[in-house]
Amino acid sequence: MTIHQLSIFIENKAGTLVVILRQLKEAGIQLIASTISDTVDYGICRIICSEPVKAYETLRDAGVAVSLCEVIAVALDDEPGRAADAIGILSDEGLSIAYLYSFLLGGKGVLVFRTDNNERALEALKRGNLDIIREKDLSKLTIK
């Protein structure tokens, strides 16, 4: 139960991000979450969206350096320490996290992360009774 995420390599200069966002807008794709990490010359924009395969194809066909990968998303109660509990489960399994970002939606905290072994991570999270978000359920996490 993973979700798809776009990783887009963009030049770190004015106007490059808006071009990508406008392409997604024109394709009718809704952003759910995004984050950007940067270096001096380039950034990596990670996006979770309503139609990841369509978004990938749209950007690829436009000549954008984009990849599609699988990440894990977990819904947590909006309480202090719940993220620590979730990450602790992975740490106790000896799993590494390549990157993580989070947001609040519909009264729930959402952690999105990539590990060195998604299968083991999913098994550990299930044993820990955590709510793993399926891609088809992303749109159901709405703000009330």
# chains A, B, ... in the order shown; residues from 1 in each chain; ligands from 1
>>> select_by_dssp(residues="region 5-136 of chain A", states="strand (DSSP E or B)", output="MDAnalysis selection string")
chainID A and resid 5:11 31:38 42:49 65:77 97:105 108:115 131:132
>>> write_last_selection(atoms="C-alpha atoms", output="CSV table (one decimal), in the first residue's frame")
chain,number,residue,atom,x,y,z
A,5,GLN,CA,5.0,10.6,-5.8
A,6,LEU,CA,6.6,12.8,-8.6
A,7,SER,CA,10.1,14.0,-8.2
A,8,ILE,CA,10.8,16.9,-10.5
A,9,PHE,CA,14.3,18.3,-11.0
A,10,ILE,CA,14.1,22.0,-11.6
A,11,GLU,CA,16.6,24.7,-12.1
A,31,LEU,CA,-1.9,18.9,-5.9
A,32,ILE,CA,-2.3,17.2,-2.6
A,33,ALA,CA,1.1,17.9,-1.1
A,34,SER,CA,4.4,19.2,-2.2
A,35,THR,CA,7.9,20.0,-0.9
A,36,ILE,CA,11.0,21.4,-2.4
A,37,SER,CA,14.6,20.9,-1.4
A,38,ASP,CA,17.3,22.8,-3.1
A,42,TYR,CA,18.8,22.8,-8.8
A,43,GLY,CA,15.9,21.8,-6.7
A,44,ILE,CA,13.9,18.6,-6.3
A,45,CYS,CA,10.2,19.3,-6.1
A,46,ARG,CA,8.3,16.3,-4.7
A,47,ILE,CA,4.6,16.2,-5.4
A,48,ILE,CA,1.7,14.0,-4.4
A,49,CYS,CA,-1.3,14.7,-6.7
A,65,ALA,CA,13.1,15.9,-15.8
A,66,VAL,CA,10.6,13.9,-13.7
A,67,SER,CA,10.5,10.5,-12.1
A,68,LEU,CA,7.7,8.6,-10.5
A,69,CYS,CA,8.4,6.6,-7.3
A,70,GLU,CA,6.5,4.9,-4.5
A,71,VAL,CA,6.4,6.3,-1.0
A,72,ILE,CA,4.5,5.5,2.1
A,73,ALA,CA,1.9,7.8,3.7
A,74,VAL,CA,0.6,7.3,7.2
A,75,ALA,CA,-2.3,9.1,8.9
A,76,LEU,CA,-1.8,9.9,12.5
A,77,ASP,CA,-3.9,11.4,15.2
A,97,ILE,CA,14.4,7.0,6.0
A,98,ALA,CA,15.7,8.8,2.8
A,99,TYR,CA,13.4,11.7,3.3
A,100,LEU,CA,10.1,12.7,5.0
A,101,TYR,CA,7.6,15.5,4.9
A,102,SER,CA,4.4,16.0,6.7
A,103,PHE,CA,1.2,18.0,6.7
A,104,LEU,CA,-2.2,18.3,8.5
A,105,LEU,CA,-5.3,17.4,6.6
A,108,LYS,CA,-5.1,14.1,10.9
A,109,GLY,CA,-1.3,14.4,10.6
A,110,VAL,CA,0.1,12.8,7.5
A,111,LEU,CA,3.6,11.6,7.2
A,112,VAL,CA,5.0,10.9,3.7
A,113,PHE,CA,8.4,9.1,3.5
A,114,ARG,CA,10.7,6.9,1.5
A,115,THR,CA,12.6,4.1,3.1
A,131,ASP,CA,-3.2,3.8,9.4
A,132,ILE,CA,-1.4,3.5,6.1
>>> closest_residue(among="A:Asp78, A:Thr2, A:Gln30, A:Asp41", to="Ala14 (chain A)", atoms="only C-alpha atoms")
A:Asp41
>>> atom_distance(atom1="CA of Gly63 (chain A)", atom2="CA of Thr39 (chain A)")
21.3 Å
>>> residues_around(residues="Ile20 (chain A)", least_positions_apart="4", cutoff="9 Å", atoms="only C-alpha atoms", output="VMD selection string")
chain A and resid 8 10 16 24 to 25 59 64
>>> closest_residue(among="A:Arg60, A:Lys126, A:Arg82, A:Lys54", to="Gly28 (chain A)", atoms="only C-alpha atoms")
A:Lys54
>>> closest_residue(among="A:Leu122, A:Ala55, A:Ile3, A:Ala27", to="Asp137 (chain A)", atoms="only C-alpha atoms")
A:Ile3
>>> closest_residue(among="A:Gly106, A:Arg120, A:Tyr56, A:His4", to="Asp92 (chain A)", atoms="only C-alpha atoms")
A:Arg120
>>> select_by_dssp(residues="region 77-139 of chain A", states="alpha helix (DSSP H)", output="list in words")
Arg82, Ala83, Ala84, Asp85, Ala86, Ile87, Gly88, Ile89, Leu90, Ser91, Asp92, Asn118, Glu119, Arg120, Ala121, Leu122, Glu123, Ala124, Leu125, Lys126 and Arg127 of chain A
>>> write_last_selection(atoms="N, CA and C atoms", output="PDB file, in the first residue's frame")
ATOM      1  N   ARG A  82       2.971  11.656  18.087  1.00  0.00           N
ATOM      2  CA  ARG A  82       2.536  10.572  17.194  1.00  0.00           C
ATOM      3  C   ARG A  82       3.526  10.341  16.056  1.00  0.00           C
ATOM      4  N   ALA A  83       4.156  11.397  15.558  1.00  0.00           N
ATOM      5  CA  ALA A  83       5.178  11.219  14.514  1.00  0.00           C
ATOM      6  C   ALA A  83       6.369  10.445  15.081  1.00  0.00           C
ATOM      7  N   ALA A  84       6.765  10.779  16.300  1.00  0.00           N
ATOM      8  CA  ALA A  84       7.872  10.062  16.940  1.00  0.00           C
ATOM      9  C   ALA A  84       7.545   8.576  17.094  1.00  0.00           C
ATOM     10  N   ASP A  85       6.297   8.276  17.442  1.00  0.00           N
ATOM     11  CA  ASP A  85       5.886   6.877  17.574  1.00  0.00           C
ATOM     12  C   ASP A  85       6.013   6.141  16.244  1.00  0.00           C
ATOM     13  N   ALA A  86       5.537   6.779  15.166  1.00  0.00           N
ATOM     14  CA  ALA A  86       5.578   6.141  13.845  1.00  0.00           C
ATOM     15  C   ALA A  86       7.010   5.929  13.386  1.00  0.00           C
ATOM     16  N   ILE A  87       7.840   6.945  13.520  1.00  0.00           N
ATOM     17  CA  ILE A  87       9.220   6.827  13.083  1.00  0.00           C
ATOM     18  C   ILE A  87       9.980   5.849  13.978  1.00  0.00           C
ATOM     19  N   GLY A  88       9.611   5.797  15.247  1.00  0.00           N
ATOM     20  CA  GLY A  88      10.226   4.833  16.158  1.00  0.00           C
ATOM     21  C   GLY A  88      10.005   3.399  15.716  1.00  0.00           C
ATOM     22  N   ILE A  89       8.838   3.105  15.174  1.00  0.00           N
ATOM     23  CA  ILE A  89       8.554   1.754  14.666  1.00  0.00           C
ATOM     24  C   ILE A  89       9.534   1.398  13.560  1.00  0.00           C
ATOM     25  N   LEU A  90       9.788   2.338  12.661  1.00  0.00           N
ATOM     26  CA  LEU A  90      10.715   2.085  11.559  1.00  0.00           C
ATOM     27  C   LEU A  90      12.152   1.966  12.060  1.00  0.00           C
ATOM     28  N   SER A  91      12.503   2.830  12.984  1.00  0.00           N
ATOM     29  CA  SER A  91      13.848   2.798  13.555  1.00  0.00           C
ATOM     30  C   SER A  91      14.105   1.476  14.278  1.00  0.00           C
ATOM     31  N   ASP A  92      13.115   1.017  15.041  1.00  0.00           N
ATOM     32  CA  ASP A  92      13.248  -0.253  15.755  1.00  0.00           C
ATOM     33  C   ASP A  92      13.428  -1.423  14.796  1.00  0.00           C
ATOM     34  N   ASN A 118      10.494  -0.590   1.436  1.00  0.00           N
ATOM     35  CA  ASN A 118       9.060  -0.322   1.635  1.00  0.00           C
ATOM     36  C   ASN A 118       8.297  -1.527   2.170  1.00  0.00           C
ATOM     37  N   GLU A 119       8.631  -2.710   1.700  1.00  0.00           N
ATOM     38  CA  GLU A 119       7.898  -3.900   2.126  1.00  0.00           C
ATOM     39  C   GLU A 119       8.047  -4.126   3.632  1.00  0.00           C
ATOM     40  N   ARG A 120       9.268  -4.069   4.127  1.00  0.00           N
ATOM     41  CA  ARG A 120       9.492  -4.240   5.568  1.00  0.00           C
ATOM     42  C   ARG A 120       8.859  -3.109   6.357  1.00  0.00           C
ATOM     43  N   ALA A 121       8.926  -1.896   5.825  1.00  0.00           N
ATOM     44  CA  ALA A 121       8.321  -0.751   6.511  1.00  0.00           C
ATOM     45  C   ALA A 121       6.811  -0.928   6.638  1.00  0.00           C
ATOM     46  N   LEU A 122       6.166  -1.346   5.568  1.00  0.00           N
ATOM     47  CA  LEU A 122       4.721  -1.549   5.609  1.00  0.00           C
ATOM     48  C   LEU A 122       4.339  -2.632   6.609  1.00  0.00           C
ATOM     49  N   GLU A 123       5.103  -3.712   6.632  1.00  0.00           N
ATOM     50  CA  GLU A 123       4.828  -4.781   7.593  1.00  0.00           C
ATOM     51  C   GLU A 123       4.954  -4.270   9.025  1.00  0.00           C
ATOM     52  N   ALA A 124       6.005  -3.510   9.297  1.00  0.00           N
ATOM     53  CA  ALA A 124       6.219  -2.980  10.649  1.00  0.00           C
ATOM     54  C   ALA A 124       5.113  -1.998  11.042  1.00  0.00           C
ATOM     55  N   LEU A 125       4.719  -1.137  10.112  1.00  0.00           N
ATOM     56  CA  LEU A 125       3.656  -0.170  10.407  1.00  0.00           C
ATOM     57  C   LEU A 125       2.322  -0.869  10.653  1.00  0.00           C
ATOM     58  N   LYS A 126       2.059  -1.924   9.904  1.00  0.00           N
ATOM     59  CA  LYS A 126       0.828  -2.702  10.136  1.00  0.00           C
ATOM     60  C   LYS A 126       0.845  -3.340  11.511  1.00  0.00           C
ATOM     61  N   ARG A 127       1.987  -3.913  11.883  1.00  0.00           N
ATOM     62  CA  ARG A 127       2.103  -4.514  13.227  1.00  0.00           C
ATOM     63  C   ARG A 127       1.902  -3.455  14.311  1.00  0.00           C
TER      64      ARG A 127
END
>>> closest_residue(among="A:Thr58, A:Glu51, A:Val40, A:Gly107", to="Lys13 (chain A)", atoms="only C-alpha atoms")
A:Val40
>>> atom_distance(atom1="CA of Ser50 (chain A)", atom2="CA of Gln23 (chain A)")
14.1 Å
